[in-house]
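Undergrad: If you scroll down you'll find the structure; I have some questions about it.
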Amino acid sequence: MLARSLVTRLGIVCAAIAIAGCAETDPEIVAIEYLRATREAQSDTALTYLDMDEIADRVSAEIVLVNPDGDSDSFLRESVSSLIWGLFQETPREDLAYDATPADVNGDRATVRVTLLDAEGGERTRTVHLRRTDAGWKVSGRSLDHLVSYAITRLEERF
C-alpha cells in the first residue's frame with residue numbers, strides 16, 4: 001500500500017513537472033514573461049528569454065571588439081549582456097496586466113501580440129518575435145532591434 005501511494009505521488013509530481021516544463025516553452029508564455037521581467041526590472045530573468053546568440057552576432061557585424069587578454073567573442077557577449085542587464089535595471093517599473101493572442105508559428109519562428117493593461121485602464125499592444133532554439137523559445141528578430149542599436153551605441157561610446 002505504501003509503495004503504491006509513493007508511486008502515485010511520484011507520478012503526480014512528474015506530471016506536474018512535465019506540464020510546467022511544457023508551459024514554459026510556449027511562445028505566448030515566453031513573450032509575456034519576457035515583457036513582465038523587463039517591466040519589473042528583473043534583468044536576470046529578462047536576459048534568459050533573449051536570443052543572446054542573435055544579439056551578439058548582430059552587434060559583431062557592426063563592431064569589432066578586440067580583447068588582447070582573452071577571447072574577443074566572449075568579451076563581446078559579456079559586454080552586450082552587461083549593457084542590456086543595466087538597461088533593464090533603468091526601465092521604470094510598471095504594474096501591468098498581460099494578455100496574449102495565440103502565437104502565429106511558422107517553423108522555428110513565432111509572433112505573439114501581447115496586450116499590456118495598466119492600472120488606469122491604458123492599453124498597449126506589443127508584437128514579440130521569437131525563435132525556437134535548443135533552449136526553448138527566445139525573443140529574437142525585430143524584437144531585438146532596439147537592444148542591438150542600444151548595445152552598438154554604448155559600445156562605440158565606451159571603446
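For the C-alpha cells, the naming scheme is as follows: chains receive sequential letters (A, B, ...) according to their order of presentation, residues are indexed from 1 within each chain, and ligands are indexed from 1 in presentation order.
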Would you kindly return, as a list in words, each protein, DNA or RNA residue with an atom no farther than 9 Å from any atom of segment 53-64 of chain A, considering only C-alpha atoms and excluding same-chain residues fewer than 6 positions away?

TA: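 Listing them by chain and then by number gives Ser72, Asp73, Leu76, Arg77, Val80, Ser81, Ser140, Gly141, Leu144, Asp145, Leu147, Val148, Ser149, Ala151, Ile152, Leu155 and Glu156 of chain A.
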
Undergrad: Pull C-alpha atoms from the residues just selected and write them as a CSV table (one decimal), in the first residue's frame.

TA:
chain,number,residue,atom,x,y,z
A,72,SER,CA,37.1,38.6,-28.1
A,73,ASP,CA,33.8,36.8,-28.8
A,76,LEU,CA,31.7,40.9,-26.7
A,77,ARG,CA,29.0,38.7,-25.4
A,80,VAL,CA,26.5,43.2,-24.5
A,81,SER,CA,24.8,41.1,-21.8
A,140,SER,CA,14.5,37.4,-31.4
A,141,GLY,CA,14.2,39.1,-34.8
A,144,LEU,CA,15.8,42.8,-30.7
A,145,ASP,CA,16.4,45.8,-32.9
A,147,LEU,CA,18.6,46.3,-27.9
A,148,VAL,CA,21.1,45.8,-30.7
A,149,SER,CA,21.1,49.5,-31.5
A,151,ALA,CA,24.4,47.9,-27.4
A,152,ILE,CA,26.2,49.2,-30.5
A,155,LEU,CA,30.0,50.1,-27.1
A,156,GLU,CA,31.0,52.8,-29.5

Undergrad: When DSSP works through the backbone of this structure, what residues of chain A end up as alpha helix (DSSP H), shown as a compact mmCIF listing (two decimals) with N, CA and C atoms, in the first residue's frame?

TA:
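Output (result-v4.txt):
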# COMPACT_ATOMS: atom_id res chain seq x y z
N LEU A 2 1.90 1.27 0.86
CA LEU A 2 2.79 2.42 0.95
C LEU A 2 3.55 2.63 -0.36
N ALA A 3 4.00 1.53 -0.96
CA ALA A 3 4.74 1.63 -2.22
C ALA A 3 3.83 2.16 -3.33
N ARG A 4 2.59 1.71 -3.37
CA ARG A 4 1.65 2.18 -4.39
C ARG A 4 1.35 3.66 -4.21
N SER A 5 1.19 4.11 -2.98
CA SER A 5 0.94 5.52 -2.68
C SER A 5 2.14 6.36 -3.10
N LEU A 6 3.33 5.86 -2.83
CA LEU A 6 4.55 6.58 -3.20
C LEU A 6 4.68 6.69 -4.72
N VAL A 7 4.37 5.61 -5.43
CA VAL A 7 4.44 5.61 -6.89
C VAL A 7 3.42 6.59 -7.46
N THR A 8 2.22 6.61 -6.89
CA THR A 8 1.18 7.54 -7.34
C THR A 8 1.62 8.98 -7.14
N ARG A 9 2.15 9.28 -5.96
CA ARG A 9 2.62 10.64 -5.68
C ARG A 9 3.77 11.03 -6.61
N LEU A 10 4.68 10.08 -6.83
CA LEU A 10 5.81 10.35 -7.71
C LEU A 10 5.30 10.63 -9.13
N GLY A 11 4.29 9.88 -9.57
CA GLY A 11 3.71 10.10 -10.88
C GLY A 11 3.07 11.47 -10.99
N ILE A 12 2.38 11.90 -9.95
CA ILE A 12 1.75 13.22 -9.95
C ILE A 12 2.80 14.31 -10.01
N VAL A 13 3.86 14.16 -9.24
CA VAL A 13 4.95 15.15 -9.25
C VAL A 13 5.60 15.20 -10.62
N CYS A 14 5.87 14.06 -11.24
CA CYS A 14 6.48 14.04 -12.57
C CYS A 14 5.58 14.70 -13.60
N ALA A 15 4.28 14.42 -13.51
CA ALA A 15 3.33 15.04 -14.45
C ALA A 15 3.30 16.55 -14.28
N ALA A 16 3.32 17.01 -13.04
CA ALA A 16 3.32 18.46 -12.78
C ALA A 16 4.58 19.11 -13.33
N ILE A 17 5.71 18.46 -13.16
CA ILE A 17 6.96 18.99 -13.69
C ILE A 17 6.92 19.02 -15.22
N ALA A 18 6.40 17.97 -15.83
CA ALA A 18 6.32 17.93 -17.30
C ALA A 18 5.40 19.02 -17.82
N ILE A 19 4.26 19.22 -17.16
CA ILE A 19 3.34 20.28 -17.59
C ILE A 19 3.98 21.64 -17.43
N ALA A 20 4.64 21.88 -16.31
CA ALA A 20 5.30 23.16 -16.10
C ALA A 20 6.40 23.37 -17.12
N GLY A 21 7.14 22.32 -17.44
CA GLY A 21 8.20 22.43 -18.43
C GLY A 21 7.67 22.77 -19.80
N CYS A 22 6.55 22.17 -20.18
CA CYS A 22 5.94 22.47 -21.49
C CYS A 22 5.41 23.89 -21.52
N ALA A 23 4.78 24.29 -20.42
CA ALA A 23 4.18 25.62 -20.39
C ALA A 23 5.24 26.70 -20.56
N GLU A 24 6.42 26.48 -20.01
CA GLU A 24 7.45 27.50 -20.11
C GLU A 24 8.00 27.63 -21.52
N THR A 25 7.77 26.64 -22.36
CA THR A 25 8.30 26.72 -23.70
C THR A 25 7.28 27.26 -24.70
N PRO A 27 5.41 29.86 -26.82
CA PRO A 27 5.84 31.20 -27.21
C PRO A 27 5.03 32.31 -26.53
N GLU A 28 3.74 32.08 -26.30
CA GLU A 28 2.91 33.10 -25.65
C GLU A 28 3.39 33.37 -24.22
N ILE A 29 3.73 32.31 -23.51
CA ILE A 29 4.19 32.47 -22.13
C ILE A 29 5.55 33.14 -22.10
N VAL A 30 6.43 32.74 -23.01
CA VAL A 30 7.76 33.37 -23.07
C VAL A 30 7.62 34.86 -23.35
N ALA A 31 6.75 35.22 -24.29
CA ALA A 31 6.55 36.64 -24.64
C ALA A 31 6.05 37.43 -23.44
N ILE A 32 5.05 36.90 -22.75
CA ILE A 32 4.50 37.59 -21.57
C ILE A 32 5.54 37.68 -20.46
N GLU A 33 6.21 36.58 -20.17
CA GLU A 33 7.19 36.58 -19.08
C GLU A 33 8.38 37.50 -19.38
N TYR A 34 8.77 37.57 -20.64
CA TYR A 34 9.84 38.49 -21.03
C TYR A 34 9.41 39.94 -20.78
N LEU A 35 8.23 40.31 -21.26
CA LEU A 35 7.76 41.68 -21.06
C LEU A 35 7.55 41.98 -19.58
N ARG A 36 7.03 41.02 -18.84
CA ARG A 36 6.85 41.22 -17.39
C ARG A 36 8.21 41.46 -16.71
N ALA A 37 9.19 40.66 -17.07
CA ALA A 37 10.53 40.81 -16.46
C ALA A 37 11.14 42.16 -16.79
N THR A 38 10.94 42.64 -18.02
CA THR A 38 11.51 43.95 -18.38
C THR A 38 10.79 45.07 -17.66
N ARG A 39 9.48 44.95 -17.47
CA ARG A 39 8.69 45.99 -16.81
C ARG A 39 8.87 46.00 -15.30
N SER A 43 16.22 41.99 -14.46
CA SER A 43 17.19 41.86 -15.55
C SER A 43 17.66 40.43 -15.79
N ASP A 44 17.98 39.71 -14.72
CA ASP A 44 18.47 38.34 -14.88
C ASP A 44 17.44 37.47 -15.59
N THR A 45 16.19 37.61 -15.20
CA THR A 45 15.12 36.84 -15.82
C THR A 45 14.93 37.25 -17.27
N ALA A 46 14.89 38.55 -17.53
CA ALA A 46 14.69 39.04 -18.90
C ALA A 46 15.77 38.51 -19.83
N LEU A 47 17.01 38.48 -19.38
CA LEU A 47 18.11 38.00 -20.22
C LEU A 47 17.94 36.55 -20.61
N THR A 48 17.32 35.74 -19.75
CA THR A 48 17.16 34.32 -20.08
C THR A 48 16.20 34.11 -21.25
N MET A 52 20.48 35.61 -27.10
CA MET A 52 21.75 36.32 -26.96
C MET A 52 22.70 36.00 -28.11
N ASP A 53 22.59 34.81 -28.70
CA ASP A 53 23.43 34.49 -29.85
C ASP A 53 23.13 35.44 -31.01
N GLU A 54 21.86 35.68 -31.26
CA GLU A 54 21.49 36.58 -32.35
C GLU A 54 21.93 38.01 -32.05
N ILE A 55 21.75 38.44 -30.82
CA ILE A 55 22.18 39.80 -30.44
C ILE A 55 23.68 39.95 -30.66
N ALA A 56 24.45 39.01 -30.15
CA ALA A 56 25.91 39.08 -30.29
C ALA A 56 26.34 39.05 -31.75
N ASP A 57 25.70 38.21 -32.55
CA ASP A 57 26.03 38.15 -33.98
C ASP A 57 25.74 39.47 -34.68
N ARG A 58 24.59 40.07 -34.36
CA ARG A 58 24.21 41.33 -35.00
C ARG A 58 25.12 42.48 -34.55
N VAL A 59 25.50 42.48 -33.28
CA VAL A 59 26.40 43.52 -32.79
C VAL A 59 27.78 43.34 -33.41
N SER A 60 28.27 42.10 -33.46
CA SER A 60 29.61 41.85 -34.00
C SER A 60 29.69 42.15 -35.50
N SER A 72 37.90 37.40 -27.69
CA SER A 72 37.15 38.60 -28.05
C SER A 72 35.65 38.33 -28.18
N ASP A 73 35.27 37.13 -28.66
CA ASP A 73 33.85 36.80 -28.77
C ASP A 73 33.18 36.75 -27.39
N SER A 74 33.86 36.13 -26.44
CA SER A 74 33.32 36.07 -25.08
C SER A 74 33.24 37.46 -24.47
N PHE A 75 34.25 38.26 -24.73
CA PHE A 75 34.27 39.64 -24.23
C PHE A 75 33.09 40.43 -24.79
N LEU A 76 32.84 40.27 -26.09
CA LEU A 76 31.71 40.95 -26.72
C LEU A 76 30.39 40.49 -26.10
N ARG A 77 30.20 39.19 -25.97
CA ARG A 77 28.96 38.66 -25.40
C ARG A 77 28.76 39.14 -23.97
N GLU A 78 29.79 39.11 -23.17
CA GLU A 78 29.68 39.58 -21.78
C GLU A 78 29.40 41.07 -21.73
N SER A 79 30.01 41.84 -22.60
CA SER A 79 29.79 43.28 -22.64
C SER A 79 28.35 43.60 -23.03
N VAL A 80 27.86 42.93 -24.07
CA VAL A 80 26.49 43.16 -24.53
C VAL A 80 25.50 42.74 -23.45
N SER A 81 25.72 41.59 -22.86
CA SER A 81 24.83 41.11 -21.80
C SER A 81 24.80 42.08 -20.63
N SER A 82 25.95 42.59 -20.25
CA SER A 82 26.04 43.55 -19.14
C SER A 82 25.32 44.85 -19.46
N LEU A 83 25.48 45.34 -20.68
CA LEU A 83 24.80 46.57 -21.09
C LEU A 83 23.29 46.41 -21.07
N ILE A 84 22.79 45.30 -21.61
CA ILE A 84 21.35 45.06 -21.65
C ILE A 84 20.81 44.85 -20.23
N TRP A 85 21.56 44.15 -19.40
CA TRP A 85 21.16 43.97 -18.00
C TRP A 85 20.96 45.34 -17.33
N GLY A 86 21.91 46.24 -17.55
CA GLY A 86 21.80 47.58 -16.97
C GLY A 86 20.63 48.36 -17.54
N LEU A 87 20.36 48.20 -18.82
CA LEU A 87 19.23 48.89 -19.44
C LEU A 87 17.93 48.47 -18.78
N PHE A 88 17.76 47.17 -18.54
CA PHE A 88 16.54 46.70 -17.90
C PHE A 88 16.42 47.23 -16.47
N GLN A 89 17.55 47.42 -15.80
CA GLN A 89 17.51 47.98 -14.45
C GLN A 89 17.04 49.43 -14.46
N GLU A 90 17.33 50.15 -15.54
CA GLU A 90 16.94 51.55 -15.65
C GLU A 90 15.50 51.73 -16.11
N ASP A 145 15.78 44.64 -32.24
CA ASP A 145 16.35 45.79 -32.94
C ASP A 145 16.80 46.90 -31.98
N HIS A 146 15.93 47.27 -31.04
CA HIS A 146 16.29 48.37 -30.13
C HIS A 146 17.41 47.98 -29.19
N LEU A 147 17.49 46.71 -28.79
CA LEU A 147 18.57 46.26 -27.91
C LEU A 147 19.90 46.23 -28.65
N VAL A 148 19.88 45.79 -29.89
CA VAL A 148 21.10 45.76 -30.71
C VAL A 148 21.60 47.18 -30.93
N SER A 149 20.70 48.10 -31.29
CA SER A 149 21.09 49.50 -31.51
C SER A 149 21.66 50.11 -30.23
N TYR A 150 21.01 49.83 -29.11
CA TYR A 150 21.48 50.34 -27.81
C TYR A 150 22.89 49.82 -27.51
N ALA A 151 23.09 48.51 -27.69
CA ALA A 151 24.40 47.92 -27.39
C ALA A 151 25.49 48.50 -28.29
N ILE A 152 25.20 48.66 -29.57
CA ILE A 152 26.19 49.21 -30.51
C ILE A 152 26.54 50.63 -30.10
N THR A 153 25.55 51.45 -29.82
CA THR A 153 25.79 52.84 -29.42
C THR A 153 26.64 52.90 -28.16
N ARG A 154 26.27 52.13 -27.15
CA ARG A 154 27.01 52.16 -25.88
C ARG A 154 28.43 51.63 -26.04
N LEU A 155 28.62 50.60 -26.85
CA LEU A 155 29.96 50.07 -27.06
C LEU A 155 30.83 51.07 -27.81
N GLU A 156 30.25 51.75 -28.79
CA GLU A 156 31.01 52.77 -29.51
C GLU A 156 31.41 53.90 -28.57
N GLU A 157 30.56 54.26 -27.64
CA GLU A 157 30.88 55.31 -26.67
C GLU A 157 32.00 54.88 -25.73
N ARG A 158 31.98 53.62 -25.32
CA ARG A 158 32.95 53.13 -24.34
C ARG A 158 34.31 52.79 -24.95

Undergrad: Can you tell me how far atom CA of Arg126 of chain A sits from atom CA of Ser143 of chain A, in Å to one decimal?

TA: 9.4 Å

Undergrad: Pick out the residues sitting within 10 Å of segment 120-122 of chain A, and hand them over as a count of residues only; count only C-alpha atoms, and ignore anything fewer than 4 positions along from it in its own chain.

TA: 3

Undergrad: Tell me, as an MDAnalysis selection string, which residues lie within 8 Å of Val128 of chain A, counting only C-alpha atoms; anything in the same chain fewer than 5 positions away does not count.

TA: chainID A and resid 31 111:114 139 143

Undergrad: Could you turn the residues from that selection into a file that holds N, CA and C atoms, as a short mmCIF file (atom, residue, chain, number, x, y, z; two decimals), in the first residue's frame?

TA:
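Result file result.cif:
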data_model
loop_
_atom_site.label_atom_id
_atom_site.label_comp_id
_atom_site.auth_asym_id
_atom_site.auth_seq_id
_atom_site.Cartn_x
_atom_site.Cartn_y
_atom_site.Cartn_z
N ALA A 31 6.75 35.22 -24.29
CA ALA A 31 6.55 36.64 -24.64
C ALA A 31 6.05 37.43 -23.44
N THR A 111 5.33 34.71 -33.79
CA THR A 111 4.99 36.10 -33.48
C THR A 111 3.81 36.06 -32.52
N VAL A 112 3.93 36.84 -31.44
CA VAL A 112 2.88 36.90 -30.43
C VAL A 112 2.54 38.36 -30.18
N ARG A 113 1.25 38.68 -30.18
CA ARG A 113 0.80 40.03 -29.83
C ARG A 113 0.40 40.00 -28.36
N VAL A 114 1.09 40.83 -27.57
CA VAL A 114 0.84 40.89 -26.13
C VAL A 114 0.20 42.24 -25.81
N VAL A 139 13.24 35.38 -27.43
CA VAL A 139 12.88 36.63 -28.10
C VAL A 139 13.97 36.91 -29.13
N SER A 143 12.21 42.10 -32.60
CA SER A 143 12.07 42.46 -31.19
C SER A 143 13.41 42.80 -30.55
#

Undergrad: So what do you get for atom CA of Tyr49 of chain A versus atom CA of Trp137 of chain A, distance-wise?

TA: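 Answer for the atom CA of Tyr49 of chain A to atom CA of Trp137 of chain A separation: 7.5 Å.
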
Undergrad: Could you pull out all residues of chain A with a DSSP call of strand (DSSP E or B) and give them as a ChimeraX atom specification?

TA: /A:50,96-100,104-106,109-118,123-133,136-139

Undergrad: Could you jot down the atom CA of Leu50 of chain A to atom CA of Thr115 of chain A separation for me, Å, one decimal place?

TA: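 So the two atoms, atom CA of Leu50 of chain A and atom CA of Thr115 of chain A, lie 19.4 Å apart.
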